[in-house]
$ cat model_7.txt   # compact mmCIF, C-alpha atoms and all ligand atoms
# COMPACT_ATOMS: atom_id res chain seq x y z
CA LEU O 9 149.91 106.54 94.86
CA VAL O 10 151.47 104.54 97.67
CA VAL O 11 149.54 104.09 100.93
CA GLY O 12 150.26 102.13 104.08
CA THR O 13 147.88 99.71 105.78
CA GLN O 14 146.72 102.41 108.20
CA LYS O 15 145.68 104.67 105.33
CA PHE O 16 143.07 102.61 103.45
CA HIS O 17 140.36 105.08 104.44
CA ARG O 18 142.22 107.86 102.61
CA VAL O 19 142.44 106.04 99.26
CA ALA O 20 139.26 107.52 97.76
CA ASP O 21 140.33 111.09 98.57
CA TYR O 22 143.84 110.49 97.27
CA ILE O 23 142.51 109.05 94.02
CA ALA O 24 140.25 112.06 93.57
CA GLU O 25 143.28 114.27 94.14
CA LEU O 26 145.30 112.36 91.54
CA VAL O 27 142.47 112.42 89.00
CA GLU O 28 142.39 116.16 89.41
CA LYS O 29 146.15 116.31 88.82
CA LYS O 30 145.81 114.16 85.75
CA ARG O 31 143.16 116.48 84.43
CA ASN O 32 145.64 119.32 84.85
CA ARG O 33 148.35 117.19 83.18
CA ARG O 34 150.56 117.23 86.24
CA MET O 35 150.38 113.46 86.80
CA ASP O 36 153.91 112.63 85.62
CA ASP O 37 155.56 115.16 87.84
CA PRO O 38 157.01 113.18 90.78
CA ARG O 39 156.44 116.16 93.03
CA PHE O 40 152.72 115.44 92.77
CA SER O 41 152.77 111.71 93.50
CA ILE O 42 151.33 110.68 96.87
CA CYS O 43 153.14 108.47 99.35
CA ASP O 44 151.51 108.09 102.77
CA THR O 45 152.71 105.13 104.82
CA GLU O 46 152.83 106.65 108.31
CA ASP O 47 151.04 105.30 111.38
CA GLU O 48 147.77 107.08 112.05
CA THR O 49 146.15 107.22 115.48
CA GLY O 50 142.52 106.14 115.31
CA SER O 51 142.81 104.56 111.84
CA VAL O 52 141.48 101.28 113.29
CA GLU O 53 138.04 102.91 113.65
CA THR O 54 137.88 104.23 110.09
CA ILE O 55 136.91 101.16 108.05
CA ARG O 56 133.37 100.32 109.10
CA ASP O 57 131.03 101.07 106.20
CA HIS O 58 129.66 98.10 104.29
CA GLU O 59 128.36 97.88 100.74
CA LEU O 60 125.91 95.02 101.13
CA LYS O 61 124.65 93.06 98.13
CA GLU O 62 120.97 92.32 97.76
CA ARG O 63 119.93 89.61 100.28
CA GLN O 64 123.41 89.51 101.79
CA ALA O 65 123.09 87.81 105.16
CA THR O 66 126.72 87.42 106.26
CA ALA O 67 129.35 90.05 106.97
CA PHE O 68 132.84 90.41 108.40
CA VAL O 69 133.58 93.02 111.03
CA SER O 70 137.16 94.00 111.75
CA ILE O 71 137.60 94.46 115.50
CA MET O 72 141.35 95.03 115.68
CA GLN O 73 144.40 95.51 113.54
CA GLY O 74 148.04 94.59 113.88
CA CYS O 75 149.75 91.87 115.88
CA ASN O 76 152.39 91.83 118.62
CA MET O 77 153.16 88.11 118.48
CA HIS O 78 156.18 88.12 116.13
CA CYS O 79 155.97 84.61 114.72
CA THR O 80 159.25 84.21 112.88
CA PHE O 81 157.63 83.29 109.53
CA CYS O 82 155.11 86.15 109.46
CA ILE O 83 155.34 89.60 107.93
CA VAL O 84 152.09 90.90 109.47
CA PRO O 85 153.64 92.65 112.49
CA ARG O 86 155.83 94.64 110.07
CA THR O 87 153.10 95.47 107.59
CA ARG O 88 150.15 95.97 109.93
CA GLY O 89 151.94 97.37 112.95
CA THR O 90 151.17 96.79 116.61
CA GLU O 91 147.79 95.67 117.99
CA ARG O 92 145.08 98.31 118.01
CA SER O 93 141.50 97.52 118.97
CA ARG O 94 138.22 99.29 118.34
CA SER O 95 135.90 100.00 121.23
CA ILE O 96 133.03 97.66 122.13
CA PRO O 97 130.32 100.34 121.60
CA GLU O 98 131.71 101.14 118.11
CA ILE O 99 131.71 97.47 117.10
CA VAL O 100 128.23 96.92 118.52
CA ARG O 101 127.00 99.95 116.58
CA GLU O 102 128.43 98.53 113.35
CA VAL O 103 126.89 95.09 113.92
CA ARG O 104 123.51 96.64 114.79
CA GLY O 105 123.61 98.52 111.48
CA LEU O 106 124.39 95.32 109.59
CA VAL O 107 121.58 93.43 111.30
CA ALA O 108 119.16 96.28 110.53
CA SER O 109 120.13 95.81 106.85
CA GLY O 110 119.33 92.10 106.90
CA VAL O 111 122.61 90.51 108.00
CA LYS O 112 122.07 87.40 110.13
CA GLU O 113 125.62 86.18 110.66
CA VAL O 114 128.65 88.22 111.63
CA THR O 115 132.28 87.10 111.81
CA LEU O 116 134.50 89.18 114.09
CA LEU O 117 137.94 89.51 112.52
CA GLY O 118 141.38 90.03 113.98
CA GLN O 119 144.88 88.62 113.51
CA ILE O 120 144.73 87.26 117.07
CA VAL O 121 141.10 87.89 117.72
CA ASN O 122 140.92 86.42 121.23
CA LEU O 123 143.55 88.90 122.41
CA TYR O 124 141.29 91.78 121.34
CA GLY O 125 141.56 94.87 123.52
CA ARG O 126 144.26 93.53 125.82
CA HIS O 127 146.21 96.80 125.69
CA GLU O 128 143.22 99.13 125.79
CA PHE O 129 140.57 97.60 128.04
CA ALA O 130 140.53 95.85 131.42
CA SER O 131 139.21 92.41 132.26
CA VAL O 132 135.95 92.57 134.23
CA ASN O 133 135.03 89.80 136.69
CA GLY O 134 137.66 87.56 135.14
CA GLU O 135 136.36 88.14 131.61
CA SER O 136 138.75 89.31 128.94
CA PRO O 137 137.80 92.25 126.70
CA PHE O 138 137.14 89.73 123.90
CA VAL O 139 134.59 87.80 125.96
CA GLN O 140 132.98 91.10 127.00
CA LEU O 141 132.72 91.98 123.31
CA LEU O 142 131.24 88.58 122.40
CA LYS O 143 128.58 89.02 125.07
CA ALA O 144 127.74 92.55 123.93
CA VAL O 145 127.38 91.50 120.28
CA HIS O 146 125.46 88.38 121.28
CA GLU O 147 122.78 90.62 122.84
CA ILE O 148 121.87 92.18 119.50
CA ASP O 149 118.33 91.22 118.53
CA GLY O 150 118.06 89.80 115.03
CA LEU O 151 121.63 88.52 114.94
CA GLU O 152 121.37 84.76 114.51
CA ARG O 153 124.96 83.56 114.30
CA LEU O 154 128.24 84.88 115.60
CA ARG O 155 131.71 83.70 114.54
CA PHE O 156 135.27 84.87 115.16
CA THR O 157 138.56 84.25 113.42
CA SER O 158 141.38 83.62 114.03
CA PRO O 159 142.15 82.99 117.68
CA HIS O 160 145.65 82.20 118.93
CA PRO O 161 146.07 79.15 121.20
CA VAL O 162 147.73 81.52 123.67
CA GLY O 163 145.00 83.47 125.41
CA PHE O 164 142.26 80.91 124.67
CA ARG O 165 141.33 80.81 128.34
CA GLU O 166 138.58 79.51 130.58
CA ASP O 167 136.36 82.58 130.09
CA LEU O 168 136.33 82.03 126.32
CA LEU O 169 135.62 78.31 126.72
CA GLN O 170 132.75 79.24 129.03
CA ALA O 171 131.45 81.73 126.45
CA LEU O 172 131.46 78.96 123.83
CA ALA O 173 129.37 76.86 126.17
CA ASP O 174 127.02 79.68 127.23
CA LEU O 175 126.33 81.78 124.13
CA PRO O 176 123.99 79.92 121.78
CA LYS O 177 124.50 82.32 118.87
CA LEU O 178 128.21 81.48 118.80
CA ALA O 179 128.53 79.02 115.94
CA GLU O 180 130.01 75.59 116.66
CA HIS O 181 133.28 76.14 114.85
CA VAL O 182 136.73 77.20 116.01
CA HIS O 183 139.60 77.79 113.60
CA LEU O 184 142.65 77.27 115.79
CA PRO O 185 146.03 77.59 114.02
CA LEU O 186 148.43 74.79 115.04
CA GLN O 187 151.35 75.52 112.65
CA SER O 188 153.44 72.57 113.88
CA GLY O 189 153.15 69.54 116.13
CA SER O 190 156.85 69.66 117.05
CA ASN O 191 157.75 71.67 120.16
CA ARG O 192 161.20 72.33 118.72
CA ILE O 193 159.71 73.87 115.57
CA LEU O 194 157.02 75.76 117.52
CA LYS O 195 159.83 77.35 119.49
CA ALA O 196 161.72 78.25 116.31
CA MET O 197 158.49 79.73 114.95
CA HIS O 198 158.14 81.74 118.15
CA ARG O 199 154.76 80.20 118.85
CA PRO O 200 154.61 80.21 122.66
CA TYR O 201 152.71 76.95 123.28
CA THR O 202 153.49 73.25 123.06
CA ALA O 203 151.86 70.39 121.18
CA GLU O 204 150.61 69.07 124.54
CA LYS O 205 148.95 72.40 125.40
CA TYR O 206 147.35 72.56 121.95
CA ARG O 207 146.02 69.00 122.30
CA SER O 208 144.58 69.79 125.72
CA LEU O 209 142.95 72.98 124.42
CA VAL O 210 141.28 71.06 121.58
CA ARG O 211 139.93 68.56 124.10
CA ARG O 212 138.48 71.37 126.24
CA ILE O 213 136.95 73.13 123.22
CA ARG O 214 135.28 69.87 122.24
CA GLN O 215 133.78 69.61 125.71
CA THR O 216 132.00 72.97 125.35
CA ARG O 217 129.52 71.92 122.67
CA ASP O 218 128.29 68.79 120.98
CA GLU O 219 129.89 68.30 117.58
CA ILE O 220 131.91 71.51 117.52
CA ALA O 221 134.06 71.66 114.38
CA ILE O 222 137.75 72.46 114.67
CA THR O 223 139.88 73.53 111.72
CA THR O 224 143.49 74.64 111.62
CA ASP O 225 146.50 75.98 109.73
CA VAL O 226 149.74 74.01 109.49
CA ILE O 227 153.06 74.98 107.92
CA VAL O 228 155.24 72.18 106.57
CA GLY O 229 158.88 72.60 105.60
CA PHE O 230 159.69 75.35 108.10
CA PRO O 231 163.48 75.93 108.27
CA GLY O 232 165.16 73.17 110.27
CA GLU O 233 162.14 70.84 110.21
CA GLU O 234 163.60 67.32 110.45
CA GLU O 235 161.78 64.14 109.52
CA ASP O 236 161.02 63.53 113.20
CA ASP O 237 159.50 67.03 113.58
CA TYR O 238 157.30 66.44 110.58
CA ARG O 239 156.30 63.03 111.95
CA GLN O 240 155.15 64.68 115.21
CA THR O 241 153.04 67.16 113.22
CA ARG O 242 151.54 64.39 111.13
CA ASP O 243 150.75 62.29 114.21
CA LEU O 244 149.06 65.20 115.98
CA VAL O 245 146.99 66.11 112.91
CA GLU O 246 145.97 62.47 112.54
CA GLU O 247 145.12 62.19 116.23
CA ILE O 248 143.02 65.36 116.41
CA GLN O 249 141.02 64.55 113.25
CA PHE O 250 140.39 68.14 112.18
CA ASP O 251 137.24 68.96 110.27
CA ASN O 252 139.52 70.67 107.78
CA ALA O 253 142.91 72.34 107.59
CA PHE O 254 144.87 74.73 105.43
CA ILE O 255 148.29 73.22 104.80
CA PHE O 256 150.97 75.72 103.78
CA ARG O 257 154.32 74.84 102.31
CA TYR O 258 156.73 77.20 104.04
CA SER O 259 157.92 79.97 101.75
CA ILE O 260 160.24 82.81 102.59
CA ARG O 261 158.82 86.20 103.52
CA SER O 262 161.67 88.65 103.21
CA ASP O 263 162.61 90.63 106.30
CA THR O 264 161.29 87.94 108.66
CA PRO O 265 163.60 86.04 111.06
CA ALA O 266 162.79 82.69 109.40
CA ALA O 267 164.04 84.00 106.05
CA ALA O 268 167.57 84.06 107.49
CA MET O 269 167.36 80.49 108.87
CA GLU O 270 168.72 77.49 107.03
CA GLN O 271 166.09 76.46 104.50
CA ILE O 272 165.12 72.91 103.65
CA ASP O 273 164.87 71.28 100.26
CA GLU O 274 161.81 72.20 98.14
CA GLN O 275 161.28 68.57 97.18
CA ILE O 276 160.99 67.57 100.84
CA LYS O 277 158.53 70.39 101.48
CA GLU O 278 156.45 69.22 98.55
CA GLU O 279 156.39 65.60 99.78
CA ARG O 280 155.36 66.65 103.30
CA ASN O 281 152.74 68.99 101.90
CA ARG O 282 151.17 66.23 99.82
CA ASP O 283 151.38 63.70 102.60
CA LEU O 284 149.73 65.98 105.17
CA LEU O 285 147.04 67.00 102.70
CA SER O 286 146.11 63.35 102.31
CA VAL O 287 145.76 63.01 106.11
CA VAL O 288 143.58 66.13 106.29
CA ASP O 289 141.46 65.15 103.28
CA ALA O 290 140.73 61.80 104.90
CA SER O 291 139.64 63.35 108.21
CA ALA O 292 137.59 66.07 106.44
CA HIS O 293 135.91 63.39 104.38
CA ARG O 294 135.13 61.32 107.47
CA ALA O 295 133.73 64.38 109.28
CA ASN O 296 131.47 65.17 106.32
CA GLU O 297 130.39 61.55 105.81
CA ARG O 298 129.09 61.47 109.38
CA LEU O 299 126.56 64.15 108.42
CA VAL O 300 124.94 62.26 105.56
CA GLY O 301 121.33 61.48 106.45
CA ARG O 302 121.15 64.32 109.00
CA ASP O 303 118.98 67.46 108.88
CA LEU O 304 121.14 70.55 109.45
CA GLU O 305 120.51 74.26 109.76
CA ILE O 306 122.16 76.28 107.00
CA LEU O 307 122.37 79.95 106.10
CA CYS O 308 122.14 80.28 102.32
CA GLU O 309 124.77 82.71 100.99
CA GLY O 310 124.02 82.61 97.24
CA PRO O 311 125.17 80.74 94.12
CA SER O 312 127.72 77.96 94.55
CA ARG O 313 131.20 79.03 93.44
CA THR O 314 131.73 75.80 91.54
CA ASN O 315 128.30 75.65 89.89
CA ALA O 316 126.38 78.91 89.64
CA ALA O 317 123.18 77.02 88.80
CA ARG O 318 123.11 75.75 92.38
CA LEU O 319 123.04 77.54 95.71
CA MET O 320 125.36 77.16 98.67
CA GLY O 321 125.04 77.75 102.36
CA ARG O 322 126.99 77.03 105.51
CA THR O 323 126.09 74.93 108.49
CA ARG O 324 126.70 76.32 111.96
CA THR O 325 129.91 74.25 111.90
CA ASN O 326 130.98 76.19 108.77
CA LYS O 327 130.61 73.31 106.35
CA ILE O 328 129.56 74.20 102.83
CA VAL O 329 126.31 72.65 101.61
CA VAL O 330 125.42 72.79 97.89
CA PHE O 331 121.81 72.33 96.81
CA GLU O 332 119.21 73.03 94.15
CA GLY O 333 117.28 76.03 95.35
CA LYS O 334 115.32 79.12 94.45
CA PRO O 335 116.30 82.78 94.66
CA GLU O 336 114.10 83.18 97.74
CA HIS O 337 116.40 80.82 99.66
CA VAL O 338 119.26 83.33 99.47
CA GLY O 339 119.89 85.08 102.76
CA GLN O 340 117.64 82.72 104.72
CA ILE O 341 118.23 80.18 107.47
CA PHE O 342 116.50 76.83 107.09
CA GLU O 343 117.03 73.10 107.49
CA ILE O 344 118.49 70.93 104.81
CA SER O 345 118.60 67.17 104.54
CA VAL O 346 122.16 66.07 103.74
CA THR O 347 122.24 63.39 101.07
CA GLN O 348 125.90 63.22 99.98
CA ALA O 349 129.35 64.32 101.08
CA ASN O 350 132.90 64.60 99.87
CA GLY O 351 135.97 66.10 101.54
CA PHE O 352 135.04 69.65 100.55
CA SER O 353 131.26 69.93 100.56
CA LEU O 354 127.97 68.44 101.55
CA TYR O 355 125.03 68.11 99.18
CA GLY O 356 121.41 68.16 100.23
CA THR O 357 117.76 69.02 99.77
CA PRO O 358 116.04 71.92 101.52
CA LEU O 359 113.34 70.86 103.95
CA VAL O 360 111.09 73.76 102.91
CA PRO O 361 109.03 73.68 99.74
CA THR O 362 110.81 75.99 97.30
CA SER O 363 107.47 77.32 96.05
CA SER O 364 106.60 78.83 99.43
CA PRO O 365 108.41 81.70 101.14
CA VAL O 366 111.29 80.61 103.33
CA SER O 367 111.08 81.87 106.87
CA ALA O 368 114.12 83.10 108.72
S1 LIG F 401 151.07 84.39 112.38
FE1 LIG F 401 149.36 85.42 113.33
S2 LIG F 401 149.93 85.55 115.50
FE2 LIG F 401 151.82 85.14 114.36
S3 LIG F 401 152.71 87.16 113.94
FE3 LIG F 401 151.47 86.59 112.16
S4 LIG F 401 149.48 87.52 112.54
FE4 LIG F 401 150.57 87.48 114.49
$ encode --input "model_7.txt" --output "structure tokens"
Amino acid sequence: LVVGTQKFHRVADYIAELVEKKRNRRMDDPRFSICDTEDETGSVETIRDHELKERQATAFVSIMQGCNMHCTFCIVPRTRGTERSRSIPEIVREVRGLVASGVKEVTLLGQIVNLYGRHEFASVNGESPFVQLLKAVHEIDGLERLRFTSPHPVGFREDLLQALADLPKLAEHVHLPLQSGSNRILKAMHRPYTAEKYRSLVRRIRQTRDEIAITTDVIVGFPGEEEDDYRQTRDLVEEIQFDNAFIFRYSIRSDTPAAAMEQIDEQIKEERNRDLLSVVDASAHRANERLVGRDLEILCEGPSRTNAARLMGRTRTNKIVVFEGKPEHVGQIFEISVTQANGFSLYGTPLVPTSSPVSA
């Protein structure tokens, strides 16, 4: 069975078909294998059912598929196709259903989420389709927190900044991929912004809310990256003081333009990767240290991944907090007193007695 990315919704039926063939001992006959990799109109609306776990309070909602940006290192435009967006009423219906099942926090997902709907829907009163969607979802009673990921620096306009300032359910966290701090490398990556524009956007995002967290993605060792290019990236990352960052060592994706460019030495990539990680770890640690002694709202998601005897939740700024709790904490929003921090997590004590029910 081979299916394309626009055919996920057909997998169950195809498997049933193949099981039937196996039962009839026709499985090894290549005439009966299934290969369906075509584009399918409307497939973007087909994945919307959720299997929620008990007390699950967070969920991801896909609002669009595909990407038209053609970054030279990325295979997504080839594998996922061109941008296709779901309608606002469909997305609102899905989020309403999740909230009715107990979900309190929703993350809207798209490859370039802030460019949602740009081919299908018009701007209204200067508001992009994405901001219209944010406002529509924000209206849903019972939804407590709203997130989105990942936006592209291009298209992060005034209306979205205003929405960050105006919509209280929007969590105070923006993941804004930088990729490089060198304009020369950004151009080679086909990322249509400059380091100066990125810096200015970060400044404006920080003006929208007190203590908004900003995280990013950076690629080191992109083809042609000279020491001076890397230095510019390092300086910008140091200057911005991200709350956290994913650092990727460039690796070839076949059939992408960057795969055909002149590659740089693996050893140099490794050194830059380690060096940049140390810069990011230091700023993440500083950002977390500042929260020690504070009382913060968290949404408890369940057992900690590193220690199942403890629970974990996330602050509105998307920082992980690990704590000793009770099963009734799971799926609830409450305050926690932060007592310790490292670069990855915060540790704290819930400010509600664990013997009494936790209110939402
Ligand atoms: S990196 Fe992101 S914006 Fe660029 S082509 Fe890939 S999915 Fe699109």
$ closest_residue --input "model_7.txt" --among "O:Thr357, O:Asn252, O:Thr314, O:Gln119" --to "O:Gly333" --atoms "only C-alpha atoms"
O:Thr357
$ residues_near_ligand --input "model_7.txt" --ligand "ligand LIG 401 (chain F)" --cutoff "8 Å" --atoms "all atoms listed in the file" --output "PyMOL selection string"
chain O and resi 74-85+119-120+160+199
$ residues_around --input "model_7.txt" --residues "O:Thr224" --least-positions-apart "6" --cutoff "10 Å" --atoms "only C-alpha atoms" --output "PyMOL selection string"
chain O and resi 158+182-187+245+250-255
$ closest_residue --input "model_7.txt" --among "O:Ala196, O:Val338, O:Val69, O:Val300" --to "O:Ser312" --atoms "all atoms listed in the file"
O:Val338
$ residues_around --input "model_7.txt" --residues "O:Phe68" --least-positions-apart "2" --cutoff "9 Å" --atoms "all atoms listed in the file" --output "NGL selection string"
:O and (66 or 70 or 113-117)
$ atom_distance --input "model_7.txt" --atom1 "atom CA of O:Arg242" --atom2 "atom CA of O:Leu284"
6.4 Å
$ atom_distance --input "model_7.txt" --atom1 "atom CA of O:Pro159" --atom2 "atom CA of O:Asp263"
24.6 Å
$ residues_near_point --input "model_7.txt" --point "(144.3, 81.7, 124.9)" --cutoff "12 Å" --atoms "only C-alpha atoms" --output "JSON list (two decimals) with C-alpha atoms, in the frame of the given file"
[["chain", "number", "residue", "atom", "x", "y", "z"],
["O", 120, "ILE", "CA", 144.73, 87.26, 117.07],
["O", 121, "VAL", "CA", 141.10, 87.89, 117.72],
["O", 122, "ASN", "CA", 140.92, 86.42, 121.23],
["O", 123, "LEU", "CA", 143.55, 88.90, 122.41],
["O", 124, "TYR", "CA", 141.29, 91.78, 121.34],
["O", 126, "ARG", "CA", 144.26, 93.53, 125.82],
["O", 136, "SER", "CA", 138.75, 89.31, 128.94],
["O", 138, "PHE", "CA", 137.14, 89.73, 123.90],
["O", 139, "VAL", "CA", 134.59, 87.80, 125.96],
["O", 158, "SER", "CA", 141.38, 83.62, 114.03],
["O", 159, "PRO", "CA", 142.15, 82.99, 117.68],
["O", 160, "HIS", "CA", 145.65, 82.20, 118.93],
["O", 161, "PRO", "CA", 146.07, 79.15, 121.20],
["O", 162, "VAL", "CA", 147.73, 81.52, 123.67],
["O", 163, "GLY", "CA", 145.00, 83.47, 125.41],
["O", 164, "PHE", "CA", 142.26, 80.91, 124.67],
["O", 165, "ARG", "CA", 141.33, 80.81, 128.34],
["O", 166, "GLU", "CA", 138.58, 79.51, 130.58],
["O", 167, "ASP", "CA", 136.36, 82.58, 130.09],
["O", 168, "LEU", "CA", 136.33, 82.03, 126.32],
["O", 169, "LEU", "CA", 135.62, 78.31, 126.72],
["O", 184, "LEU", "CA", 142.65, 77.27, 115.79],
["O", 185, "PRO", "CA", 146.03, 77.59, 114.02],
["O", 200, "PRO", "CA", 154.61, 80.21, 122.66],
["O", 201, "TYR", "CA", 152.71, 76.95, 123.28],
["O", 205, "LYS", "CA", 148.95, 72.40, 125.40],
["O", 206, "TYR", "CA", 147.35, 72.56, 121.95],
["O", 208, "SER", "CA", 144.58, 69.79, 125.72],
["O", 209, "LEU", "CA", 142.95, 72.98, 124.42],
["O", 210, "VAL", "CA", 141.28, 71.06, 121.58],
["O", 212, "ARG", "CA", 138.48, 71.37, 126.24],
["O", 213, "ILE", "CA", 136.95, 73.13, 123.22]]
$ residues_around --input "model_7.txt" --residues "O:Cys308" --least-positions-apart "3" --cutoff "12 Å" --atoms "all atoms listed in the file" --output "PyMOL selection string"
chain O and resi 63-66+111-113+305+311-312+318-324+326-344+358+366+368
$ residues_around --input "model_7.txt" --residues "O:Lys143" --least-positions-apart "4" --cutoff "8 Å" --atoms "all atoms listed in the file" --output "PDB file with C-alpha atoms, keeping the file's coordinate frame"
ATOM      1  CA  VAL O 139     134.590  87.800 125.960  1.00  0.00           C
ATOM      2  CA  GLU O 147     122.780  90.620 122.840  1.00  0.00           C
ATOM      3  CA  ALA O 171     131.450  81.730 126.450  1.00  0.00           C
ATOM      4  CA  LEU O 175     126.330  81.780 124.130  1.00  0.00           C
TER       5      LEU O 175
END
$ residues_around --input "model_7.txt" --residues "O:Glu233" --least-positions-apart "6" --cutoff "9 Å" --atoms "only C-alpha atoms" --output "list in words"
Ser190, Arg192, Ile193, Gln271 and Ile272 of chain O
$ atom_distance --input "model_7.txt" --atom1 "atom CA of O:Met269" --atom2 "atom CA of O:Ala203"
22.2 Å
$ closest_residue --input "model_7.txt" --among "O:Ser291, O:Ile71, O:Asp283, O:Gln348" --to "O:Pro137" --atoms "all atoms listed in the file"
O:Ile71
$ residues_near_point --input "model_7.txt" --point "(143.2, 97.3, 118.3)" --cutoff "7 Å" --atoms "all atoms listed in the file" --output "PyMOL selection string"
chain O and resi 52+71-73+91-94+124-125
$ closest_residue --input "model_7.txt" --among "O:Ala267, O:Val288, O:Ala349, O:Ile42" --to "O:Glu247" --atoms "all atoms listed in the file"
O:Val288
$ closest_residue --input "model_7.txt" --among "O:Thr49, O:Ser345, O:Ser95, O:Ser188" --to "O:Tyr258" --atoms "all atoms listed in the file"
O:Ser188
$ closest_residue --input "model_7.txt" --among "O:Lys61, O:His198, O:Arg155, O:His146" --to "O:Pro265" --atoms "all atoms listed in the file"
O:His198
$ axis_aligned_box --input "model_7.txt" --around "stretch 302-310 of chain O" --padding-each-side "6 Å" --output "JSON"
{"center_x": 121.9, "center_y": 73.5, "center_z": 103.5, "size_x": 17.8, "size_y": 30.4, "size_z": 24.5}
